[in-house]
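J.: I am sharing work_19.cif, which consists of mmCIF, C-alpha atoms, pLDDT in the B column; chains and numbers go by the auth columns:
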```
data_coords
#
loop_
_atom_site.group_PDB
_atom_site.id
_atom_site.type_symbol
_atom_site.label_atom_id
_atom_site.label_comp_id
_atom_site.label_asym_id
_atom_site.label_seq_id
_atom_site.Cartn_x
_atom_site.Cartn_y
_atom_site.Cartn_z
_atom_site.B_iso_or_equiv
_atom_site.auth_seq_id
_atom_site.auth_asym_id
ATOM 1 C CA MET A 1 10.957 -35.080 -48.649 47.00 1 A
ATOM 2 C CA ARG A 2 14.204 -36.798 -49.553 51.00 2 A
ATOM 3 C CA CYS A 3 17.484 -35.045 -48.850 49.00 3 A
ATOM 4 C CA ILE A 4 18.078 -34.300 -52.558 55.00 4 A
ATOM 5 C CA ASP A 5 14.653 -32.679 -53.077 52.00 5 A
ATOM 6 C CA PRO A 6 14.459 -28.893 -52.997 53.00 6 A
ATOM 7 C CA PRO A 7 13.363 -27.467 -49.651 52.00 7 A
ATOM 8 C CA ARG A 8 9.783 -26.318 -49.140 56.00 8 A
ATOM 9 C CA CYS A 9 10.482 -24.077 -46.185 52.00 9 A
ATOM 10 C CA GLY A 10 11.707 -21.008 -48.061 51.00 10 A
ATOM 11 C CA CYS A 11 15.364 -21.701 -47.217 50.00 11 A
ATOM 12 C CA ALA A 12 18.188 -21.382 -49.691 51.00 12 A
ATOM 13 C CA ALA A 13 17.515 -23.278 -52.922 51.00 13 A
ATOM 14 C CA PRO A 14 19.723 -26.223 -53.815 49.00 14 A
ATOM 15 C CA PRO A 15 22.697 -25.484 -56.016 50.00 15 A
ATOM 16 C CA GLN A 16 22.475 -26.404 -59.693 54.00 16 A
ATOM 17 C CA GLY A 17 24.595 -29.055 -61.321 51.00 17 A
ATOM 18 C CA GLY A 18 23.383 -32.181 -59.585 51.00 18 A
ATOM 19 C CA HIS A 19 24.885 -31.445 -56.177 49.00 19 A
ATOM 20 C CA ARG A 20 22.962 -32.616 -53.164 51.00 20 A
ATOM 21 C CA TRP A 21 21.094 -30.012 -51.208 46.00 21 A
ATOM 22 C CA ARG A 22 22.444 -29.166 -47.752 51.00 22 A
ATOM 23 C CA PRO A 23 20.313 -27.199 -45.355 49.00 23 A
ATOM 24 C CA GLY A 24 21.219 -23.579 -44.835 49.00 24 A
ATOM 25 C CA ARG A 25 20.874 -21.601 -41.621 49.00 25 A
ATOM 26 C CA ALA A 26 17.099 -22.036 -41.442 49.00 26 A
ATOM 27 C CA GLY A 27 17.388 -25.820 -41.766 51.00 27 A
ATOM 28 C CA SER A 28 20.128 -25.985 -39.129 50.00 28 A
ATOM 29 C CA ALA A 29 18.055 -23.900 -36.737 50.00 29 A
ATOM 30 C CA ALA A 30 15.088 -26.223 -37.174 51.00 30 A
ATOM 31 C CA VAL A 31 17.292 -29.248 -36.441 46.00 31 A
ATOM 32 C CA ALA A 32 18.713 -27.501 -33.365 50.00 32 A
ATOM 33 C CA TRP A 33 15.220 -26.684 -32.055 48.00 33 A
ATOM 34 C CA ARG A 34 14.155 -30.290 -32.566 56.00 34 A
ATOM 35 C CA ALA A 35 17.230 -31.498 -30.661 51.00 35 A
ATOM 36 C CA HIS A 36 16.446 -29.091 -27.812 53.00 36 A
ATOM 37 C CA GLY A 37 12.870 -30.374 -27.767 55.00 37 A
ATOM 38 C CA VAL A 38 14.049 -33.980 -27.500 50.00 38 A
ATOM 39 C CA VAL A 39 16.412 -33.076 -24.650 50.00 39 A
ATOM 40 C CA LEU A 40 13.598 -31.228 -22.862 52.00 40 A
ATOM 41 C CA VAL A 41 11.247 -34.209 -23.199 51.00 41 A
ATOM 42 C CA LEU A 42 13.938 -36.583 -21.858 50.00 42 A
ATOM 43 C CA LEU A 43 14.589 -34.254 -18.917 51.00 43 A
ATOM 44 C CA VAL A 44 10.891 -34.108 -18.028 48.00 44 A
ATOM 45 C CA VAL A 45 10.605 -37.902 -18.249 46.00 45 A
ATOM 46 C CA ALA A 46 13.659 -38.319 -15.992 49.00 46 A
ATOM 47 C CA LEU A 47 12.269 -35.901 -13.424 47.00 47 A
ATOM 48 C CA LEU A 48 8.879 -37.564 -13.444 48.00 48 A
ATOM 49 C CA GLY A 49 10.579 -40.943 -13.106 50.00 49 A
ATOM 50 C CA ALA A 50 11.931 -39.867 -9.696 47.00 50 A
ATOM 51 C CA CYS A 51 8.357 -39.640 -8.443 46.00 51 A
ATOM 52 C CA SER A 52 5.860 -42.355 -9.009 45.00 52 A
ATOM 53 C CA SER A 53 2.365 -42.945 -7.838 44.00 53 A
ATOM 54 C CA ARG A 54 0.760 -46.177 -6.822 46.00 54 A
ATOM 55 C CA ARG A 55 -2.983 -46.696 -6.777 46.00 55 A
ATOM 56 C CA SER A 56 -4.412 -49.346 -4.534 43.00 56 A
ATOM 57 C CA SER A 57 -7.122 -51.284 -6.373 47.00 57 A
ATOM 58 C CA GLU A 58 -8.842 -52.164 -3.094 49.00 58 A
ATOM 59 C CA THR A 59 -9.119 -48.716 -1.523 49.00 59 A
ATOM 60 C CA GLY A 60 -8.842 -46.468 -4.581 51.00 60 A
ATOM 61 C CA VAL A 61 -6.265 -44.333 -2.751 47.00 61 A
ATOM 62 C CA THR A 62 -3.288 -42.998 -4.697 45.00 62 A
ATOM 63 C CA THR A 63 0.014 -42.873 -2.820 41.00 63 A
ATOM 64 C CA VAL A 64 2.843 -40.721 -4.140 40.00 64 A
ATOM 65 C CA VAL A 65 6.291 -42.203 -3.590 39.00 65 A
ATOM 66 C CA VAL A 66 9.211 -39.777 -3.780 41.00 66 A
ATOM 67 C CA ALA A 67 12.756 -41.043 -4.065 43.00 67 A
ATOM 68 C CA PRO A 68 15.018 -39.729 -1.282 51.00 68 A
ATOM 69 C CA ALA A 69 17.260 -36.870 -2.256 60.00 69 A
ATOM 70 C CA VAL A 70 20.944 -37.661 -2.503 62.00 70 A
ATOM 71 C CA ALA A 71 22.964 -34.930 -0.831 62.00 71 A
ATOM 72 C CA THR A 72 26.495 -33.876 -1.689 66.00 72 A
ATOM 73 C CA PRO A 73 28.911 -31.790 0.345 63.00 73 A
ATOM 74 C CA SER A 74 29.327 -28.089 -0.338 61.00 74 A
ATOM 75 C CA PRO A 75 32.384 -27.227 -2.427 60.00 75 A
ATOM 76 C CA ALA A 76 33.710 -25.186 0.507 56.00 76 A
ATOM 77 C CA VAL A 77 33.843 -28.168 2.903 53.00 77 A
ATOM 78 C CA GLN A 78 37.409 -28.375 4.144 53.00 78 A
ATOM 79 C CA PRO A 79 38.660 -31.563 5.764 52.00 79 A
ATOM 80 C CA THR A 80 39.535 -31.109 9.416 53.00 80 A
ATOM 81 C CA ARG A 81 42.304 -32.742 11.356 58.00 81 A
ATOM 82 C CA VAL A 82 40.474 -35.539 13.097 61.00 82 A
ATOM 83 C CA PRO A 83 42.208 -38.476 14.717 60.00 83 A
ATOM 84 C CA PRO A 84 42.021 -41.686 12.691 62.00 84 A
ATOM 85 C CA PRO A 85 38.817 -43.683 13.099 66.00 85 A
ATOM 86 C CA SER A 86 38.527 -46.000 16.034 64.00 86 A
ATOM 87 C CA THR A 87 39.803 -49.527 15.517 67.00 87 A
ATOM 88 C CA VAL A 88 37.391 -50.836 18.146 72.00 88 A
ATOM 89 C CA ARG A 89 35.111 -53.451 16.613 82.00 89 A
ATOM 90 C CA VAL A 90 31.605 -52.708 17.795 85.00 90 A
ATOM 91 C CA ARG A 91 29.102 -55.544 17.928 89.00 91 A
ATOM 92 C CA ASP A 92 26.038 -53.820 16.443 92.00 92 A
ATOM 93 C CA TRP A 93 24.777 -50.739 14.602 93.00 93 A
ATOM 94 C CA ASP A 94 23.594 -49.002 17.795 93.00 94 A
ATOM 95 C CA ALA A 95 27.129 -48.986 19.221 93.00 95 A
ATOM 96 C CA TYR A 96 28.504 -47.890 15.839 93.00 96 A
ATOM 97 C CA ARG A 97 26.068 -44.958 15.720 94.00 97 A
ATOM 98 C CA VAL A 98 27.393 -43.754 19.090 94.00 98 A
ATOM 99 C CA LEU A 99 30.964 -43.840 17.698 93.00 99 A
ATOM 100 C CA VAL A 100 29.780 -41.900 14.631 94.00 100 A
ATOM 101 C CA GLY A 101 28.073 -39.309 16.861 95.00 101 A
ATOM 102 C CA GLN A 102 31.257 -38.849 18.867 94.00 102 A
ATOM 103 C CA ARG A 103 33.266 -38.457 15.673 94.00 103 A
ATOM 104 C CA LEU A 104 30.763 -35.915 14.290 95.00 104 A
ATOM 105 C CA VAL A 105 31.189 -33.803 17.428 95.00 105 A
ATOM 106 C CA SER A 106 34.989 -34.024 17.449 94.00 106 A
ATOM 107 C CA ALA A 107 35.278 -33.186 13.729 94.00 107 A
ATOM 108 C CA ASN A 108 32.829 -30.252 13.921 95.00 108 A
ATOM 109 C CA PRO A 109 33.608 -28.428 17.197 94.00 109 A
ATOM 110 C CA ASN A 110 32.361 -25.047 15.912 94.00 110 A
ATOM 111 C CA THR A 111 28.970 -26.355 14.785 95.00 111 A
ATOM 112 C CA THR A 112 28.046 -28.841 17.529 96.00 112 A
ATOM 113 C CA TYR A 113 26.959 -28.709 21.158 96.00 113 A
ATOM 114 C CA ILE A 114 26.903 -31.171 24.022 93.00 114 A
ATOM 115 C CA GLY A 115 24.504 -31.104 26.934 91.00 115 A
ATOM 116 C CA GLU A 116 20.828 -30.338 27.311 94.00 116 A
ATOM 117 C CA VAL A 117 18.719 -30.271 24.134 95.00 117 A
ATOM 118 C CA PRO A 118 16.604 -27.088 24.161 94.00 118 A
ATOM 119 C CA GLU A 119 12.852 -26.960 23.614 93.00 119 A
ATOM 120 C CA PRO A 120 11.799 -26.118 20.932 94.00 120 A
ATOM 121 C CA LEU A 121 14.489 -26.989 18.429 96.00 121 A
ATOM 122 C CA LEU A 122 15.131 -24.857 15.344 97.00 122 A
ATOM 123 C CA ALA A 123 15.261 -27.808 12.908 97.00 123 A
ATOM 124 C CA ILE A 124 15.548 -31.597 12.860 97.00 124 A
ATOM 125 C CA PRO A 125 16.951 -32.916 9.556 98.00 125 A
ATOM 126 C CA VAL A 126 17.235 -36.696 9.229 97.00 126 A
ATOM 127 C CA LEU A 127 19.962 -38.223 7.059 97.00 127 A
ATOM 128 C CA GLU A 128 20.553 -41.787 5.943 97.00 128 A
ATOM 129 C CA ILE A 129 24.318 -42.356 5.782 96.00 129 A
ATOM 130 C CA GLU A 130 25.571 -45.163 3.552 97.00 130 A
ATOM 131 C CA LEU A 131 29.146 -46.339 4.068 96.00 131 A
ATOM 132 C CA ASN A 132 31.764 -48.359 2.228 95.00 132 A
ATOM 133 C CA ALA A 133 33.400 -51.330 3.973 93.00 133 A
ATOM 134 C CA ASP A 134 36.249 -49.142 5.263 92.00 134 A
ATOM 135 C CA GLY A 135 33.809 -46.666 6.844 92.00 135 A
ATOM 136 C CA SER A 136 34.171 -43.936 4.224 94.00 136 A
ATOM 137 C CA VAL A 137 30.988 -42.144 3.203 95.00 137 A
ATOM 138 C CA ARG A 138 29.471 -43.626 0.069 95.00 138 A
ATOM 139 C CA ARG A 139 26.240 -41.631 -0.092 96.00 139 A
ATOM 140 C CA VAL A 140 24.056 -39.413 2.073 97.00 140 A
ATOM 141 C CA ASN A 141 20.288 -39.444 1.505 96.00 141 A
ATOM 142 C CA VAL A 142 18.031 -36.800 2.987 97.00 142 A
ATOM 143 C CA GLN A 143 15.186 -38.631 4.735 97.00 143 A
ATOM 144 C CA ARG A 144 13.509 -35.581 6.272 96.00 144 A
ATOM 145 C CA ARG A 145 13.816 -31.887 5.478 96.00 145 A
ATOM 146 C CA PRO A 146 12.707 -29.451 8.172 96.00 146 A
ATOM 147 C CA GLY A 147 9.891 -27.027 7.391 94.00 147 A
ATOM 148 C CA GLN A 148 11.980 -24.062 8.506 94.00 148 A
ATOM 149 C CA ALA A 149 15.731 -23.382 8.478 95.00 149 A
ATOM 150 C CA THR A 150 16.230 -25.672 5.485 96.00 150 A
ATOM 151 C CA ASP A 151 19.893 -24.624 5.307 96.00 151 A
ATOM 152 C CA THR A 152 20.507 -26.936 8.269 97.00 152 A
ATOM 153 C CA VAL A 153 20.235 -29.928 5.905 97.00 153 A
ATOM 154 C CA GLN A 154 23.374 -28.826 4.059 96.00 154 A
ATOM 155 C CA LEU A 155 25.119 -28.057 7.359 97.00 155 A
ATOM 156 C CA ALA A 156 24.410 -31.644 8.493 97.00 156 A
ATOM 157 C CA VAL A 157 25.532 -33.160 5.171 97.00 157 A
ATOM 158 C CA ASP A 158 28.775 -31.178 5.265 96.00 158 A
ATOM 159 C CA ALA A 159 29.401 -32.311 8.847 96.00 159 A
ATOM 160 C CA VAL A 160 28.948 -35.980 7.841 96.00 160 A
ATOM 161 C CA TYR A 161 31.453 -35.730 4.990 95.00 161 A
ATOM 162 C CA ARG A 162 33.882 -33.690 7.107 94.00 162 A
ATOM 163 C CA ALA A 163 33.969 -36.303 9.888 94.00 163 A
ATOM 164 C CA GLY A 164 34.468 -39.363 7.686 88.00 164 A
ATOM 165 C CA PRO A 165 35.818 -42.014 7.463 92.00 165 A
ATOM 166 C CA TYR A 166 34.173 -43.540 10.516 91.00 166 A
ATOM 167 C CA GLY A 167 35.889 -46.894 10.889 90.00 167 A
ATOM 168 C CA ASP A 168 35.586 -50.391 9.463 92.00 168 A
ATOM 169 C CA VAL A 169 32.036 -51.737 9.062 93.00 169 A
ATOM 170 C CA SER A 170 32.818 -54.912 7.109 93.00 170 A
ATOM 171 C CA HIS A 171 32.025 -57.082 10.165 92.00 171 A
ATOM 172 C CA LEU A 172 28.551 -55.517 10.586 93.00 172 A
ATOM 173 C CA PRO A 173 25.501 -56.843 8.730 92.00 173 A
ATOM 174 C CA ARG A 174 24.684 -55.327 5.364 91.00 174 A
ATOM 175 C CA PRO A 175 23.424 -52.913 4.187 93.00 175 A
ATOM 176 C CA TRP A 176 26.082 -50.635 5.640 94.00 176 A
ATOM 177 C CA ARG A 177 23.802 -47.686 6.295 94.00 177 A
ATOM 178 C CA PHE A 178 22.097 -46.084 9.234 95.00 178 A
ATOM 179 C CA THR A 179 19.995 -43.050 10.039 96.00 179 A
ATOM 180 C CA GLU A 180 21.189 -40.079 12.064 97.00 180 A
ATOM 181 C CA VAL A 181 18.977 -37.308 13.400 97.00 181 A
ATOM 182 C CA PHE A 182 20.501 -33.841 13.786 97.00 182 A
ATOM 183 C CA LEU A 183 19.055 -31.720 16.615 97.00 183 A
ATOM 184 C CA PHE A 184 19.699 -28.070 15.673 97.00 184 A
ATOM 185 C CA ARG A 185 19.192 -25.294 18.181 96.00 185 A
ATOM 186 C CA ASP A 186 18.676 -21.594 17.326 96.00 186 A
ATOM 187 C CA ASP A 187 22.394 -20.791 16.837 96.00 187 A
ATOM 188 C CA ARG A 188 22.536 -23.499 14.128 96.00 188 A
ATOM 189 C CA ARG A 189 24.686 -25.832 16.210 97.00 189 A
ATOM 190 C CA PHE A 190 23.620 -29.473 16.225 97.00 190 A
ATOM 191 C CA LYS A 191 23.790 -32.488 18.463 97.00 191 A
ATOM 192 C CA PRO A 192 23.579 -35.998 16.964 97.00 192 A
ATOM 193 C CA ARG A 193 20.553 -37.842 18.328 95.00 193 A
ATOM 194 C CA SER A 194 22.737 -40.913 18.875 94.00 194 A
ATOM 195 C CA LEU A 195 24.460 -38.993 21.705 94.00 195 A
ATOM 196 C CA ASP A 196 21.188 -37.874 23.296 87.00 196 A
ATOM 197 C CA GLN A 197 19.863 -41.261 24.362 75.00 197 A
#
```
Let me see the file written as C-alpha cells.
T.:
Amino acid sequence: MRCIDPPRCGCAAPPQGGHRWRPGRAGSAAVAWRAHGVVLVLLVVALLGACSSRRSSETGVTTVVVAPAVATPSPAVQPTRVPPPSTVRVRDWDAYRVLVGQRLVSANPNTTYIGEVPEPLLAIPVLEIELNADGSVRRVNVQRRPGQATDTVQLAVDAVYRAGPYGDVSHLPRPWRFTEVFLFRDDRRFKPRSLDQ
C-alpha cells in the first residue's frame, strides 16, 4: 500500500480533494507498537550477546562464556577523608596490592577488620580492579559472586571506589588491573586477602 492509498485497516478515511492520507490514531498506535517491538528485539539481542557459547568440535562439549559484570558504586557512597596516595614506587603488582589493601582498610574503618580470619567466612566476593595511570579507579568487574550474602559484592565495590585513587601505576606493566579477594565475616566487615598473606 502506498502512502496515498486509502487505508485498509478501518482507520479514518483519507480526506477528499487530493490531499495525501495521514494515519490517524490507529495508524500511529500500530507504528508505536512496531517501534516497541524493534526495541525489544534489539534489547534481547544485546542481552544474548553478553553470553556466548562455544562448542568444541573434538569433544562435542558446549561451554558457556559469560562476560564479567561491571560494577558501579552505590549513589550513597560518600568520599572519605583519606590521606593522599603513597608516592612510593613499588616494583611489582604484589607490592602494589598490599598498598591497595592498606588503603582499603584506612578508607573504610567501619567496614573492615584486621587480625585473624574466622572460619567459616560469610562471603568471599572477588573483584577485578582496573586503574588509570594515576591510580584512579577506571572499572570494577565482579569475578565471583558469593552464593549467600550477595549484598557483600556491592559493599566491596563501594569500598574500592571510596578508597581510590591508589597511587601512580604508570611504571608497572600493563594492563593496569589486579584481582582482590574480600574476606567477609558474619558482621559484614571485610579484610582484603592481600593483607592476609
J.: For atom CA of A:Arg177 and atom CA of A:Pro120, quote the distance in Å rounded to one decimal.
T.: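 According to the coordinates, atom CA of A:Arg177 and atom CA of A:Pro120 are separated by 28.7 Å.
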J.: Pick the closest to A:Val142 from A:Gln154, A:Leu195, A:Gly101, A:Val90: which is it, counting only C-alpha atoms?
T.: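 Nearest to A:Val142: A:Gln154.
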J.: Run the PyMOL selection byres ((chain A and resi 116) around 12) on the file and write out the hits as a PyMOL selection string.
T.: chain A and resi 113-115+117-121+183-185+190-191+193+195-197
J.: Written as a compact mmCIF listing (two decimals) with C-alpha atoms, in the frame of the given file, what is the full residue list that the PyMOL selection byres ((chain A and resi 126-132) around 12) yields on the file shown?
T.:
```
# COMPACT_ATOMS: atom_id res chain seq x y z
CA PRO A 68 15.02 -39.73 -1.28
CA ALA A 69 17.26 -36.87 -2.26
CA VAL A 70 20.94 -37.66 -2.50
CA ALA A 71 22.96 -34.93 -0.83
CA THR A 72 26.50 -33.88 -1.69
CA TYR A 96 28.50 -47.89 15.84
CA ARG A 97 26.07 -44.96 15.72
CA VAL A 100 29.78 -41.90 14.63
CA ALA A 123 15.26 -27.81 12.91
CA ILE A 124 15.55 -31.60 12.86
CA PRO A 125 16.95 -32.92 9.56
CA ALA A 133 33.40 -51.33 3.97
CA ASP A 134 36.25 -49.14 5.26
CA GLY A 135 33.81 -46.67 6.84
CA SER A 136 34.17 -43.94 4.22
CA VAL A 137 30.99 -42.14 3.20
CA ARG A 138 29.47 -43.63 0.07
CA ARG A 139 26.24 -41.63 -0.09
CA VAL A 140 24.06 -39.41 2.07
CA ASN A 141 20.29 -39.44 1.50
CA VAL A 142 18.03 -36.80 2.99
CA GLN A 143 15.19 -38.63 4.74
CA ARG A 144 13.51 -35.58 6.27
CA ARG A 145 13.82 -31.89 5.48
CA PRO A 146 12.71 -29.45 8.17
CA THR A 150 16.23 -25.67 5.48
CA THR A 152 20.51 -26.94 8.27
CA VAL A 153 20.24 -29.93 5.90
CA GLN A 154 23.37 -28.83 4.06
CA LEU A 155 25.12 -28.06 7.36
CA ALA A 156 24.41 -31.64 8.49
CA VAL A 157 25.53 -33.16 5.17
CA ASP A 158 28.78 -31.18 5.26
CA ALA A 159 29.40 -32.31 8.85
CA VAL A 160 28.95 -35.98 7.84
CA TYR A 161 31.45 -35.73 4.99
CA GLY A 164 34.47 -39.36 7.69
CA PRO A 165 35.82 -42.01 7.46
CA TYR A 166 34.17 -43.54 10.52
CA GLY A 167 35.89 -46.89 10.89
CA ASP A 168 35.59 -50.39 9.46
CA VAL A 169 32.04 -51.74 9.06
CA SER A 170 32.82 -54.91 7.11
CA HIS A 171 32.02 -57.08 10.16
CA LEU A 172 28.55 -55.52 10.59
CA ARG A 174 24.68 -55.33 5.36
CA PRO A 175 23.42 -52.91 4.19
CA TRP A 176 26.08 -50.64 5.64
CA ARG A 177 23.80 -47.69 6.30
CA PHE A 178 22.10 -46.08 9.23
CA THR A 179 20.00 -43.05 10.04
CA GLU A 180 21.19 -40.08 12.06
CA VAL A 181 18.98 -37.31 13.40
CA PHE A 182 20.50 -33.84 13.79
CA LEU A 183 19.06 -31.72 16.61
CA PHE A 184 19.70 -28.07 15.67
CA PHE A 190 23.62 -29.47 16.23
CA PRO A 192 23.58 -36.00 16.96
CA ARG A 193 20.55 -37.84 18.33
CA SER A 194 22.74 -40.91 18.88
```
J.: Can you measure atom CA of A:Pro109 to atom CA of A:Gly147 for me? One decimal in Å is fine.
T.: 25.7 Å
J.: Which value, in Å to one decimal, gives the distance between atom CA of A:Ala163 and atom CA of A:Thr111?
T.: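 Interatomic distance here is 12.2 Å.
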J.: As JSON, please report the centre and edge lengths, rounded to one decimal in Å, of the axis-aligned box that holds all listed atoms of stretch 97-115 of chain A with 8 Å of padding on each of the six sides.
T.:
```
{"center_x": 29.9, "center_y": -35.0, "center_z": 20.3, "size_x": 26.8, "size_y": 35.9, "size_z": 29.2}
```
J.: Pick from A:Arg188, A:Gln102, A:Ala95, A:Val88: nearest to A:Ala149, with all atoms listed in the file counted?
T.: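 Among A:Arg188, A:Gln102, A:Ala95, A:Val88, it is A:Arg188 that comes nearest to A:Ala149.
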J.: Using all atoms listed in the file for the distances, tell me which of A:Leu99, A:Thr112, A:Arg91, A:Asp187 is nearest to A:Pro173.
T.: A:Arg91
J.: How about completing stretch 132-154 of chain A with N, CA and C atoms and giving it to me as a PDB file, in the coordinates of the input?
T.:
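Contents of part_17.pdb, as written:
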```pdb
ATOM      1  N   ASN A 132      31.002 -47.292   2.857  1.00 95.00           N
ATOM      2  CA  ASN A 132      31.764 -48.359   2.228  1.00 95.00           C
ATOM      3  C   ASN A 132      32.303 -49.258   3.336  1.00 95.00           C
ATOM      4  N   ALA A 133      32.906 -50.374   2.982  1.00 93.00           N
ATOM      5  CA  ALA A 133      33.400 -51.330   3.973  1.00 93.00           C
ATOM      6  C   ALA A 133      34.430 -50.718   4.922  1.00 93.00           C
ATOM      7  N   ASP A 134      35.221 -49.765   4.421  1.00 92.00           N
ATOM      8  CA  ASP A 134      36.249 -49.142   5.263  1.00 92.00           C
ATOM      9  C   ASP A 134      35.710 -48.014   6.133  1.00 92.00           C
ATOM     10  N   GLY A 135      34.415 -47.715   6.033  1.00 92.00           N
ATOM     11  CA  GLY A 135      33.809 -46.666   6.844  1.00 92.00           C
ATOM     12  C   GLY A 135      33.770 -45.309   6.177  1.00 92.00           C
ATOM     13  N   SER A 136      34.259 -45.206   4.947  1.00 94.00           N
ATOM     14  CA  SER A 136      34.171 -43.936   4.224  1.00 94.00           C
ATOM     15  C   SER A 136      32.739 -43.735   3.746  1.00 94.00           C
ATOM     16  N   VAL A 137      32.360 -42.475   3.576  1.00 95.00           N
ATOM     17  CA  VAL A 137      30.988 -42.144   3.203  1.00 95.00           C
ATOM     18  C   VAL A 137      30.788 -42.452   1.727  1.00 95.00           C
ATOM     19  N   ARG A 138      29.809 -43.284   1.454  1.00 95.00           N
ATOM     20  CA  ARG A 138      29.471 -43.626   0.069  1.00 95.00           C
ATOM     21  C   ARG A 138      28.401 -42.689  -0.463  1.00 95.00           C
ATOM     22  N   ARG A 139      27.372 -42.451   0.352  1.00 96.00           N
ATOM     23  CA  ARG A 139      26.240 -41.631  -0.092  1.00 96.00           C
ATOM     24  C   ARG A 139      25.495 -41.134   1.143  1.00 96.00           C
ATOM     25  N   VAL A 140      24.910 -39.954   1.018  1.00 97.00           N
ATOM     26  CA  VAL A 140      24.056 -39.413   2.073  1.00 97.00           C
ATOM     27  C   VAL A 140      22.706 -39.101   1.443  1.00 97.00           C
ATOM     28  N   ASN A 141      21.648 -39.691   1.985  1.00 96.00           N
ATOM     29  CA  ASN A 141      20.288 -39.444   1.505  1.00 96.00           C
ATOM     30  C   ASN A 141      19.538 -38.628   2.548  1.00 96.00           C
ATOM     31  N   VAL A 142      18.830 -37.623   2.087  1.00 97.00           N
ATOM     32  CA  VAL A 142      18.031 -36.800   2.987  1.00 97.00           C
ATOM     33  C   VAL A 142      16.694 -37.502   3.188  1.00 97.00           C
ATOM     34  N   GLN A 143      16.436 -37.939   4.418  1.00 97.00           N
ATOM     35  CA  GLN A 143      15.186 -38.631   4.735  1.00 97.00           C
ATOM     36  C   GLN A 143      14.092 -37.668   5.173  1.00 97.00           C
ATOM     37  N   ARG A 144      14.489 -36.559   5.809  1.00 96.00           N
ATOM     38  CA  ARG A 144      13.509 -35.581   6.272  1.00 96.00           C
ATOM     39  C   ARG A 144      14.118 -34.198   6.208  1.00 96.00           C
ATOM     40  N   ARG A 145      13.426 -33.296   5.521  1.00 96.00           N
ATOM     41  CA  ARG A 145      13.816 -31.887   5.478  1.00 96.00           C
ATOM     42  C   ARG A 145      12.934 -31.122   6.452  1.00 96.00           C
ATOM     43  N   PRO A 146      13.526 -30.235   7.252  1.00 96.00           N
ATOM     44  CA  PRO A 146      12.707 -29.451   8.172  1.00 96.00           C
ATOM     45  C   PRO A 146      11.876 -28.423   7.419  1.00 96.00           C
ATOM     46  N   GLY A 147      10.756 -28.026   8.010  1.00 94.00           N
ATOM     47  CA  GLY A 147       9.891 -27.027   7.391  1.00 94.00           C
ATOM     48  C   GLY A 147      10.475 -25.633   7.428  1.00 94.00           C
ATOM     49  N   GLN A 148      11.311 -25.364   8.412  1.00 94.00           N
ATOM     50  CA  GLN A 148      11.980 -24.062   8.506  1.00 94.00           C
ATOM     51  C   GLN A 148      13.472 -24.314   8.608  1.00 94.00           C
ATOM     52  N   ALA A 149      14.266 -23.288   8.406  1.00 95.00           N
ATOM     53  CA  ALA A 149      15.731 -23.382   8.478  1.00 95.00           C
ATOM     54  C   ALA A 149      16.243 -24.546   7.635  1.00 95.00           C
ATOM     55  N   THR A 150      15.848 -24.567   6.371  1.00 96.00           N
ATOM     56  CA  THR A 150      16.230 -25.672   5.485  1.00 96.00           C
ATOM     57  C   THR A 150      17.731 -25.712   5.204  1.00 96.00           C
ATOM     58  N   ASP A 151      18.449 -24.634   5.494  1.00 96.00           N
ATOM     59  CA  ASP A 151      19.893 -24.624   5.307  1.00 96.00           C
ATOM     60  C   ASP A 151      20.593 -25.598   6.257  1.00 96.00           C
ATOM     61  N   THR A 152      19.912 -26.003   7.315  1.00 97.00           N
ATOM     62  CA  THR A 152      20.507 -26.936   8.269  1.00 97.00           C
ATOM     63  C   THR A 152      20.749 -28.313   7.647  1.00 97.00           C
ATOM     64  N   VAL A 153      20.011 -28.649   6.596  1.00 97.00           N
ATOM     65  CA  VAL A 153      20.235 -29.928   5.905  1.00 97.00           C
ATOM     66  C   VAL A 153      21.647 -29.952   5.330  1.00 97.00           C
ATOM     67  N   GLN A 154      22.035 -28.881   4.645  1.00 96.00           N
ATOM     68  CA  GLN A 154      23.374 -28.826   4.059  1.00 96.00           C
ATOM     69  C   GLN A 154      24.441 -28.764   5.135  1.00 96.00           C
TER      70      GLN A 154
END
```
